[in-house]
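*Asks:* Input: one structure, supplied below.
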Amino acid sequence: MDLHVSLVGRRDLAGQIYRQLRAAILDGRLRAGEALPPTRELARRLEISRNTVGVAYDRLAAEGFLTSRVGAGTFVQEAGPARRGAPSASPLRPRPVWAEISAWPAPMPGLTWDFRAGLPDVRLFPYESWRRIMAGRLRPSALADPAAAGDPAGLPELRAAVARHAGVSRSVRAAPDDIVITAGIQQALDLIVRVLLEPGDVVAVEDPGYPPAHLLLRASGLRVRGVPVDGEGLRVDALPEDARAVYVTPSHQFPLGMPMSLPRRRALLDWARRRDVVIVEDDYDTEYRYGGRPIEPLQSLDEDGRVLYTGTFSKTMRPVLRLGFLVAPPALHRAFRMARYVSSWHADVPAQAALARFIDEGLLVRHLRRSRREYQARHERVAELLADRFAGRLAVVPSAVGLHLSALLPAGTDDAALVRRAREEGVGLFALSEFAVTGPRAPGLVFGYGAVRREEIEPGLRRLERVIGGRA
């Protein structure tokens, strides 16, 4: 054990050791059963007599804190009830904005039917292939210089793989140098704020929209303005005149699910060009498309280089794999690289190398093909049951992309209360009203099908009927 003991001066050395070890035991920093360093070793490290350490140990043993076993060593016998924390009487206080922010979503342990949106089925992930690749990337010989720090923009081989993948699967125009590897879309948005926006700037967001993005923007000192959406996506005619940036999910509006129409996308680009506004395009799950024509991203329609495209691998692979990417024009390359450097330097290097190999070996495409078939079957089953069993109570919003569907409830319905009652029945899902930004809270329910097995969908929705009712 690397036990920390500090001695001041040359007086009462045994007493100083005794008091520090006793405090560590009572605080819970030293736990019952943990071994202490031998007296000879601790004396050598502290440059004092071995007898001095022995006196402190003997005193602690006499008081019942330590016990010695011949041939084994000295061990903590009795530990404190709790670990001591930081000083409670501190003059430091957080900025007021942090009193208004709480984590989203709240935990829902013990669900029998998990219809929460945004969760992929980790059981579909090819663990054996990933484990094989990851093990190879962890070998010291796997990287050119194992002791070197990573590139803030990401490993060159991963940026090249991401540029190819995004170009083929999403029609994104990107060279490897345009890619910055991030810890998901949240960090990409954080980098954009650092590089392009100032505290007090107005950022327009879809209303309803994605809560973590709004929380990040508010925490950064920006003014968030909700903009209503309709059947064609974000209403460009309702954008605030003083907006400096617009954050949108045009391929699969979160949480309602409709895509932004081509005329609306062109109108947004024209509006942003006239007002010199940056557009942040969050394309979080476009790989999962089950019908209709693919939606061309704003980034590929953009001729001015004002769209910053963000993507993530959390939905296609595993949420715990915090890897995503940002696509930026050349004029911003250095600034984003430096912003990544000062915020957290670089993403996990072995995981980046493993993901690059995973993409290059065709395993990501194979995984997407397999999981897409399964998610499409779940999507169709949820839509079928909602239309059949909840006719008259729920109006499903048409959608053919992603891992969730939304459905509207009659005006005046307390959807939050319905969600609480569903939770009591073992059914987890989100209320549409919790995604409201500044506009009216339209009642509805959001049904995710990534984390619920196909055979569990009907029993789960039958249980939900007890809460909200359905067909007679």
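By order of appearance in the structure tokens: chains A, B, ..., then residues from 1 within every chain, and ligands from 1 in the order shown.
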Using only C-alpha atoms, which protein or nucleic acid residues come within 10 Å of A:Leu386? Drop anything in the same chain fewer than 4 positions from it, and give the result as a PyMOL selection string.
*Replies:* chain A and resi 380-382+390-391+393-396+405+407+447+458+461+470
*Asks:* Could you please take those selected residues and save C-alpha atoms as a tab-separated table (two decimals), in the first residue's frame?
*Replies:*
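selection_19.tsv, written as the output of this step:
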chain	number	residue	atom	x	y	z
A	380	GLU	CA	-43.36	-1.72	-37.35
A	381	ARG	CA	-44.69	-3.68	-34.37
A	382	VAL	CA	-44.88	-0.62	-32.12
A	390	PHE	CA	-54.78	3.07	-28.82
A	391	ALA	CA	-56.90	4.43	-31.66
A	393	ARG	CA	-56.28	8.09	-27.62
A	394	LEU	CA	-52.93	8.36	-29.38
A	395	ALA	CA	-52.08	9.89	-32.78
A	396	VAL	CA	-48.78	8.47	-34.02
A	405	LEU	CA	-41.77	6.87	-32.29
A	407	ALA	CA	-47.58	9.83	-30.37
A	447	PHE	CA	-41.86	5.18	-27.44
A	458	GLU	CA	-47.03	-6.34	-27.04
A	461	LEU	CA	-48.12	-1.99	-24.46
A	470	GLY	CA	-57.14	2.07	-25.44
*Asks:* Determine, counting only C-alpha atoms, which protein, DNA and RNA residues have an atom within 9 Å of an atom of A:Val437; residues of the same chain fewer than 5 positions away are not included. Present the result as a list of chain:residue names.
*Replies:* A:Val205, A:Glu206, A:Asp207, A:Pro208, A:Gly209, A:Tyr210, A:Pro211, A:His214, A:Val224, A:Arg225, A:Gly226, A:Val227
*Asks:* For the residues in the current selection, export C-alpha atoms as a PDB file, in the first residue's frame.
*Replies:*
ATOM      1  CA  VAL A 205     -33.352  25.303 -30.952  1.00  0.00           C
ATOM      2  CA  GLU A 206     -36.263  23.122 -31.986  1.00  0.00           C
ATOM      3  CA  ASP A 207     -39.223  23.165 -29.615  1.00  0.00           C
ATOM      4  CA  PRO A 208     -39.741  20.418 -28.494  1.00  0.00           C
ATOM      5  CA  GLY A 209     -36.107  19.363 -28.592  1.00  0.00           C
ATOM      6  CA  TYR A 210     -33.201  17.523 -26.998  1.00  0.00           C
ATOM      7  CA  PRO A 211     -32.828  18.514 -23.298  1.00  0.00           C
ATOM      8  CA  HIS A 214     -30.329  22.940 -24.165  1.00  0.00           C
ATOM      9  CA  VAL A 224     -31.775  29.601 -25.675  1.00  0.00           C
ATOM     10  CA  ARG A 225     -34.844  30.354 -27.791  1.00  0.00           C
ATOM     11  CA  GLY A 226     -37.319  27.617 -28.658  1.00  0.00           C
ATOM     12  CA  VAL A 227     -38.632  27.588 -32.238  1.00  0.00           C
TER      13      VAL A 227
END
*Asks:* So that each row is one residue of stretch 108-226 of chain A with an atom at most 9 Å from stretch 340-360 of chain A, can you give its shortest atom pair and the distance in Å to one decimal, using only C-alpha atoms, rows by chain and rising number, as JSON lines?
*Replies:*
{"residue": "A:Ser129", "atom": "CA", "partner": "A:Phe358", "partner_atom": "CA", "distance": 8.2}
{"residue": "A:Trp130", "atom": "CA", "partner": "A:Phe358", "partner_atom": "CA", "distance": 7.2}
{"residue": "A:Ile133", "atom": "CA", "partner": "A:Ala354", "partner_atom": "CA", "distance": 5.6}
{"residue": "A:Met134", "atom": "CA", "partner": "A:Ala354", "partner_atom": "CA", "distance": 5.3}
{"residue": "A:Ala135", "atom": "CA", "partner": "A:Ala354", "partner_atom": "CA", "distance": 8.6}
{"residue": "A:Gly136", "atom": "CA", "partner": "A:Ala354", "partner_atom": "CA", "distance": 8.1}
{"residue": "A:Arg137", "atom": "CA", "partner": "A:Pro350", "partner_atom": "CA", "distance": 5.4}
{"residue": "A:Leu138", "atom": "CA", "partner": "A:Pro350", "partner_atom": "CA", "distance": 6.0}
{"residue": "A:Ala142", "atom": "CA", "partner": "A:Pro350", "partner_atom": "CA", "distance": 8.8}
{"residue": "A:Leu143", "atom": "CA", "partner": "A:Ala353", "partner_atom": "CA", "distance": 8.5}
{"residue": "A:Ala149", "atom": "CA", "partner": "A:His346", "partner_atom": "CA", "distance": 8.0}
{"residue": "A:Gly150", "atom": "CA", "partner": "A:His346", "partner_atom": "CA", "distance": 5.8}
{"residue": "A:Asp151", "atom": "CA", "partner": "A:His346", "partner_atom": "CA", "distance": 6.2}
{"residue": "A:Pro152", "atom": "CA", "partner": "A:His346", "partner_atom": "CA", "distance": 4.5}
{"residue": "A:Ala153", "atom": "CA", "partner": "A:Arg340", "partner_atom": "CA", "distance": 7.0}
{"residue": "A:Gly154", "atom": "CA", "partner": "A:His346", "partner_atom": "CA", "distance": 6.6}
{"residue": "A:Leu155", "atom": "CA", "partner": "A:Gln352", "partner_atom": "CA", "distance": 6.7}
{"residue": "A:Glu157", "atom": "CA", "partner": "A:Ala356", "partner_atom": "CA", "distance": 6.1}
{"residue": "A:Leu158", "atom": "CA", "partner": "A:Ala356", "partner_atom": "CA", "distance": 4.5}
{"residue": "A:Arg159", "atom": "CA", "partner": "A:Ala356", "partner_atom": "CA", "distance": 8.0}
{"residue": "A:Ala160", "atom": "CA", "partner": "A:Ala356", "partner_atom": "CA", "distance": 8.3}
{"residue": "A:Ala161", "atom": "CA", "partner": "A:Ala356", "partner_atom": "CA", "distance": 5.8}
{"residue": "A:Val162", "atom": "CA", "partner": "A:Ala356", "partner_atom": "CA", "distance": 7.7}
{"residue": "A:His165", "atom": "CA", "partner": "A:Ile359", "partner_atom": "CA", "distance": 7.6}
{"residue": "A:Val180", "atom": "CA", "partner": "A:Arg340", "partner_atom": "CA", "distance": 8.3}
{"residue": "A:Ile181", "atom": "CA", "partner": "A:Ala347", "partner_atom": "CA", "distance": 7.0}
{"residue": "A:Thr182", "atom": "CA", "partner": "A:Ala347", "partner_atom": "CA", "distance": 6.5}
{"residue": "A:Ala183", "atom": "CA", "partner": "A:Ala347", "partner_atom": "CA", "distance": 6.6}
{"residue": "A:Gln187", "atom": "CA", "partner": "A:Arg340", "partner_atom": "CA", "distance": 8.9}
{"residue": "A:Leu191", "atom": "CA", "partner": "A:Arg340", "partner_atom": "CA", "distance": 6.8}
*Asks:* Using only C-alpha atoms, determine which residues lie at most 10 Å from stretch 259-274 of chain A, disregarding the query and same-chain residues fewer than 3 positions distant; provide the list as an NGL selection string.
*Replies:* :A and (229-237 or 239 or 241 or 243-246 or 248-254 or 256 or 277-279 or 294-299 or 301-307 or 398-401)
*Asks:* Output the selection as a CSV table (one decimal), in the first residue's frame - C-alpha atoms for each residue.
*Replies:*
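Dumped to again34.csv:
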chain,number,residue,atom,x,y,z
A,229,VAL,CA,-41.8,22.7,-35.5
A,230,ASP,CA,-44.5,21.4,-37.8
A,231,GLY,CA,-44.9,18.5,-40.2
A,232,GLU,CA,-42.0,19.8,-42.2
A,233,GLY,CA,-39.6,20.4,-39.3
A,234,LEU,CA,-38.2,23.6,-37.9
A,235,ARG,CA,-40.3,26.6,-38.8
A,236,VAL,CA,-37.8,29.0,-40.4
A,237,ASP,CA,-40.3,31.8,-40.4
A,239,LEU,CA,-36.6,32.0,-36.1
A,241,GLU,CA,-33.8,37.7,-35.7
A,243,ALA,CA,-29.9,34.3,-33.3
A,244,ARG,CA,-26.2,33.6,-33.8
A,245,ALA,CA,-26.7,29.8,-34.1
A,246,VAL,CA,-29.4,27.3,-34.9
A,248,VAL,CA,-31.4,21.3,-35.4
A,249,THR,CA,-32.0,17.5,-35.9
A,250,PRO,CA,-33.2,17.6,-39.5
A,251,SER,CA,-32.9,13.9,-40.5
A,252,HIS,CA,-35.1,12.7,-37.6
A,253,GLN,CA,-36.5,15.5,-35.4
A,254,PHE,CA,-36.0,14.8,-31.8
A,256,LEU,CA,-41.3,14.0,-32.7
A,277,VAL,CA,-25.6,32.3,-38.7
A,278,VAL,CA,-24.0,29.0,-37.9
A,279,ILE,CA,-26.1,25.8,-38.2
A,294,PRO,CA,-32.8,9.0,-47.7
A,295,ILE,CA,-32.7,12.5,-46.3
A,296,GLU,CA,-29.9,14.6,-47.7
A,297,PRO,CA,-28.1,16.3,-44.8
A,298,LEU,CA,-27.9,20.0,-44.5
A,299,GLN,CA,-24.1,19.7,-44.6
A,301,LEU,CA,-26.6,21.0,-49.4
A,302,ASP,CA,-24.5,23.8,-47.8
A,303,GLU,CA,-22.4,25.8,-50.3
A,304,ASP,CA,-21.1,28.3,-47.8
A,305,GLY,CA,-19.4,26.1,-45.1
A,306,ARG,CA,-21.7,27.3,-42.3
A,307,VAL,CA,-23.1,24.0,-41.4
A,398,PRO,CA,-45.3,9.4,-39.0
A,399,SER,CA,-41.6,8.5,-38.9
A,400,ALA,CA,-39.4,5.9,-40.8
A,401,VAL,CA,-36.1,6.5,-39.0
*Asks:* Please build the interface table for stretch 376-415 of chain A against stretch 311-328 of chain A with a cut-off of 12 Å, listing for each qualifying residue the nearest atom pair and the distance in Å to one decimal; count only C-alpha atoms, order rows by chain and increasing number, and write it as JSON lines.
*Replies:*
{"residue": "A:Gly402", "atom": "CA", "partner": "A:Lys315", "partner_atom": "CA", "distance": 9.1}
{"residue": "A:Leu403", "atom": "CA", "partner": "A:Lys315", "partner_atom": "CA", "distance": 8.5}
{"residue": "A:His404", "atom": "CA", "partner": "A:Lys315", "partner_atom": "CA", "distance": 11.6}
*Asks:* Rounded to one decimal, what separation in Å do you get between atom CA of A:Met258 and atom CA of A:Tyr288?
*Replies:*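 These two atoms are separated by 13.6 Å.
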*Asks:* For A:Gly428, which of A:His4, A:Arg29, A:Arg116, A:Arg164 is the closest residue, counting only C-alpha atoms?
*Replies:*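 Closest to A:Gly428 of all the choices is A:Arg116.
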*Asks:* List every residue of stretch 86-327 of chain A that DSSP, applied to the backbone of this structure, places in strand (DSSP E), and write the result as a ChimeraX atom specification.
*Replies:* /A:113-114,179-182,202-207,223-230,233-234,243-248,278-282,307-312,324-327
*Asks:* Which residue out of A:Arg11, A:Arg194, A:Arg170, A:His367 has the minimum interatomic distance to A:Tyr284 when only C-alpha atoms are used?
*Replies:* A:Arg170
*Asks:* Assign secondary structure with DSSP using the backbone only, and return the residues of stretch 249-455 of chain A in helix (DSSP H, G or I) as a PyMOL selection string.
*Replies:* chain A and resi 262-275+298-301+330-344+349-360+363-389+415-424+432-435+454-455
*Asks:* To one decimal place in Å, what is the distance between atom CA of A:Ala89 and atom CA of A:Ile101?
*Replies:*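 Between atom CA of A:Ala89 and atom CA of A:Ile101 the gap works out to 23.2 Å.
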*Asks:* In terms of the shortest atom-to-atom distance over only C-alpha atoms, which of A:Thr413, A:Gln20, A:Thr438, A:Thr310 is closest to A:Ile179?
*Replies:*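 Of A:Thr413, A:Gln20, A:Thr438, A:Thr310, the one nearest A:Ile179 is A:Thr310, counting only C-alpha atoms.
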*Asks:* Do you know which residues are at most 6 Å from stretch 53-61 of chain A counting only C-alpha atoms, after dropping those on the same chain fewer than 3 positions away, and could you put them as a PyMOL selection string?
*Replies:* chain A and resi 14+18+39+50+64-67
*Asks:* Just write the chosen residues, C-alpha atoms, as a PDB file, in the first residue's frame.
*Replies:*
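Below is the file that was written, again25.pdb:
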ATOM      1  CA  ALA A  14       5.314   8.422  16.648  1.00  0.00           C
ATOM      2  CA  TYR A  18      -0.534   7.470  15.156  1.00  0.00           C
ATOM      3  CA  THR A  39       7.354  -1.052   9.959  1.00  0.00           C
ATOM      4  CA  ARG A  50      11.807   1.588  12.724  1.00  0.00           C
ATOM      5  CA  GLY A  64      -8.279  -2.076  18.690  1.00  0.00           C
ATOM      6  CA  PHE A  65      -7.621  -0.363  15.379  1.00  0.00           C
ATOM      7  CA  LEU A  66      -4.930  -2.769  14.159  1.00  0.00           C
ATOM      8  CA  THR A  67      -4.191  -6.448  14.462  1.00  0.00           C
TER       9      THR A  67
END
*Asks:* Nearest residue to A:Leu222 out of A:Pro107, A:Gly200, A:Pro91, A:Pro37, using only C-alpha atoms?
*Replies:* A:Gly200
*Asks:* Name all residues at most 8 Å from stretch 368-372 of chain A (count only C-alpha atoms; drop same-chain ones fewer than 3 positions away) and give them as a ChimeraX atom specification.
*Replies:* /A:124,287-290,316,364-365,375-376
*Asks:* Applying 9 Å and only C-alpha atoms, which residues near A:Pro330 remain after dropping the ones on its own chain fewer than 3 positions away? List them as a compact mmCIF listing (two decimals) with N, CA and C atoms, in the first residue's frame.
*Replies:*
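Wrote it out as out.txt, contents follow:
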# COMPACT_ATOMS: atom_id res chain seq x y z
N ASP A 177 -9.16 15.47 -42.74
CA ASP A 177 -8.76 16.66 -41.98
C ASP A 177 -9.95 17.48 -41.50
N ASP A 178 -11.13 17.24 -42.08
CA ASP A 178 -12.34 17.96 -41.65
C ASP A 178 -12.95 17.35 -40.38
N GLY A 305 -20.23 26.61 -46.24
CA GLY A 305 -19.40 26.14 -45.14
C GLY A 305 -19.84 26.66 -43.79
N HIS A 333 -10.41 24.42 -38.69
CA HIS A 333 -9.67 23.22 -38.27
C HIS A 333 -8.79 23.49 -37.06
N ARG A 334 -7.94 24.50 -37.13
CA ARG A 334 -7.01 24.75 -36.04
C ARG A 334 -7.74 25.11 -34.75
*Asks:* Might you pull out every residue within 12 Å of A:Ala416, with only C-alpha atoms counted and same-chain residues fewer than 5 positions away left off, and present them as a PDB file with N, CA and C atoms, in the first residue's frame?
*Replies:*
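Result saved to result-v1.pdb:
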ATOM      1  N   LEU A 409     -51.210  12.951 -27.515  1.00  0.00           N
ATOM      2  CA  LEU A 409     -52.391  12.710 -26.677  1.00  0.00           C
ATOM      3  C   LEU A 409     -53.375  13.862 -26.854  1.00  0.00           C
ATOM      4  N   ARG A 421     -47.526   6.908 -13.648  1.00  0.00           N
ATOM      5  CA  ARG A 421     -48.347   5.724 -13.374  1.00  0.00           C
ATOM      6  C   ARG A 421     -47.851   4.522 -14.160  1.00  0.00           C
ATOM      7  N   ALA A 422     -47.393   4.755 -15.387  1.00  0.00           N
ATOM      8  CA  ALA A 422     -46.829   3.655 -16.174  1.00  0.00           C
ATOM      9  C   ALA A 422     -45.599   3.087 -15.491  1.00  0.00           C
ATOM     10  N   ARG A 423     -44.791   3.956 -14.917  1.00  0.00           N
ATOM     11  CA  ARG A 423     -43.597   3.507 -14.201  1.00  0.00           C
ATOM     12  C   ARG A 423     -43.980   2.573 -13.050  1.00  0.00           C
ATOM     13  N   GLY A 428     -41.437   1.866 -18.674  1.00  0.00           N
ATOM     14  CA  GLY A 428     -40.685   3.111 -18.712  1.00  0.00           C
ATOM     15  C   GLY A 428     -40.771   3.765 -20.073  1.00  0.00           C
ATOM     16  N   LEU A 429     -41.111   5.049 -20.104  1.00  0.00           N
ATOM     17  CA  LEU A 429     -41.145   5.837 -21.337  1.00  0.00           C
ATOM     18  C   LEU A 429     -41.100   7.302 -20.965  1.00  0.00           C
ATOM     19  N   PHE A 430     -41.002   8.181 -21.967  1.00  0.00           N
ATOM     20  CA  PHE A 430     -40.898   9.612 -21.730  1.00  0.00           C
ATOM     21  C   PHE A 430     -42.191  10.307 -22.103  1.00  0.00           C
ATOM     22  N   ALA A 431     -42.504  11.369 -21.352  1.00  0.00           N
ATOM     23  CA  ALA A 431     -43.613  12.254 -21.693  1.00  0.00           C
ATOM     24  C   ALA A 431     -43.121  13.280 -22.700  1.00  0.00           C
ATOM     25  N   LEU A 432     -43.906  13.544 -23.730  1.00  0.00           N
ATOM     26  CA  LEU A 432     -43.501  14.511 -24.747  1.00  0.00           C
ATOM     27  C   LEU A 432     -43.334  15.901 -24.152  1.00  0.00           C
ATOM     28  N   SER A 433     -44.119  16.225 -23.138  1.00  0.00           N
ATOM     29  CA  SER A 433     -44.064  17.576 -22.574  1.00  0.00           C
ATOM     30  C   SER A 433     -42.713  17.887 -21.944  1.00  0.00           C
ATOM     31  N   GLU A 434     -41.956  16.876 -21.523  1.00  0.00           N
ATOM     32  CA  GLU A 434     -40.673  17.159 -20.879  1.00  0.00           C
ATOM     33  C   GLU A 434     -39.619  17.624 -21.878  1.00  0.00           C
ATOM     34  N   PHE A 435     -39.929  17.593 -23.175  1.00  0.00           N
ATOM     35  CA  PHE A 435     -38.988  18.064 -24.186  1.00  0.00           C
ATOM     36  C   PHE A 435     -39.277  19.497 -24.608  1.00  0.00           C
ATOM     37  N   ARG A 441     -46.578  23.107 -23.888  1.00  0.00           N
ATOM     38  CA  ARG A 441     -46.192  21.712 -23.672  1.00  0.00           C
ATOM     39  C   ARG A 441     -47.257  20.788 -24.261  1.00  0.00           C
ATOM     40  N   ALA A 442     -47.058  20.403 -25.518  1.00  0.00           N
ATOM     41  CA  ALA A 442     -48.003  19.502 -26.161  1.00  0.00           C
ATOM     42  C   ALA A 442     -47.917  18.133 -25.504  1.00  0.00           C
ATOM     43  N   PRO A 443     -49.049  17.560 -25.079  1.00  0.00           N
ATOM     44  CA  PRO A 443     -48.995  16.259 -24.401  1.00  0.00           C
ATOM     45  C   PRO A 443     -48.814  15.116 -25.395  1.00  0.00           C
ATOM     46  N   GLY A 444     -48.047  14.139 -24.999  1.00  0.00           N
ATOM     47  CA  GLY A 444     -47.822  12.970 -25.834  1.00  0.00           C
ATOM     48  C   GLY A 444     -46.885  12.004 -25.145  1.00  0.00           C
ATOM     49  N   LEU A 445     -46.575  10.909 -25.821  1.00  0.00           N
ATOM     50  CA  LEU A 445     -45.674   9.897 -25.291  1.00  0.00           C
ATOM     51  C   LEU A 445     -44.633   9.562 -26.350  1.00  0.00           C
ATOM     52  N   VAL A 446     -43.421   9.266 -25.897  1.00  0.00           N
ATOM     53  CA  VAL A 446     -42.325   8.905 -26.792  1.00  0.00           C
ATOM     54  C   VAL A 446     -41.966   7.450 -26.523  1.00  0.00           C
ATOM     55  N   VAL A 467     -53.050   2.053 -17.951  1.00  0.00           N
ATOM     56  CA  VAL A 467     -52.767   3.406 -17.490  1.00  0.00           C
ATOM     57  C   VAL A 467     -53.527   4.429 -18.318  1.00  0.00           C
ATOM     58  N   ILE A 468     -53.426   4.338 -19.649  1.00  0.00           N
ATOM     59  CA  ILE A 468     -53.983   5.402 -20.502  1.00  0.00           C
ATOM     60  C   ILE A 468     -55.233   4.966 -21.255  1.00  0.00           C
TER      61      ILE A 468
END
*Asks:* Would you work out the distance separating atom CA of A:Leu111 from atom CA of A:Val427, expressed in Å to one decimal?
*Replies:* 6.1 Å
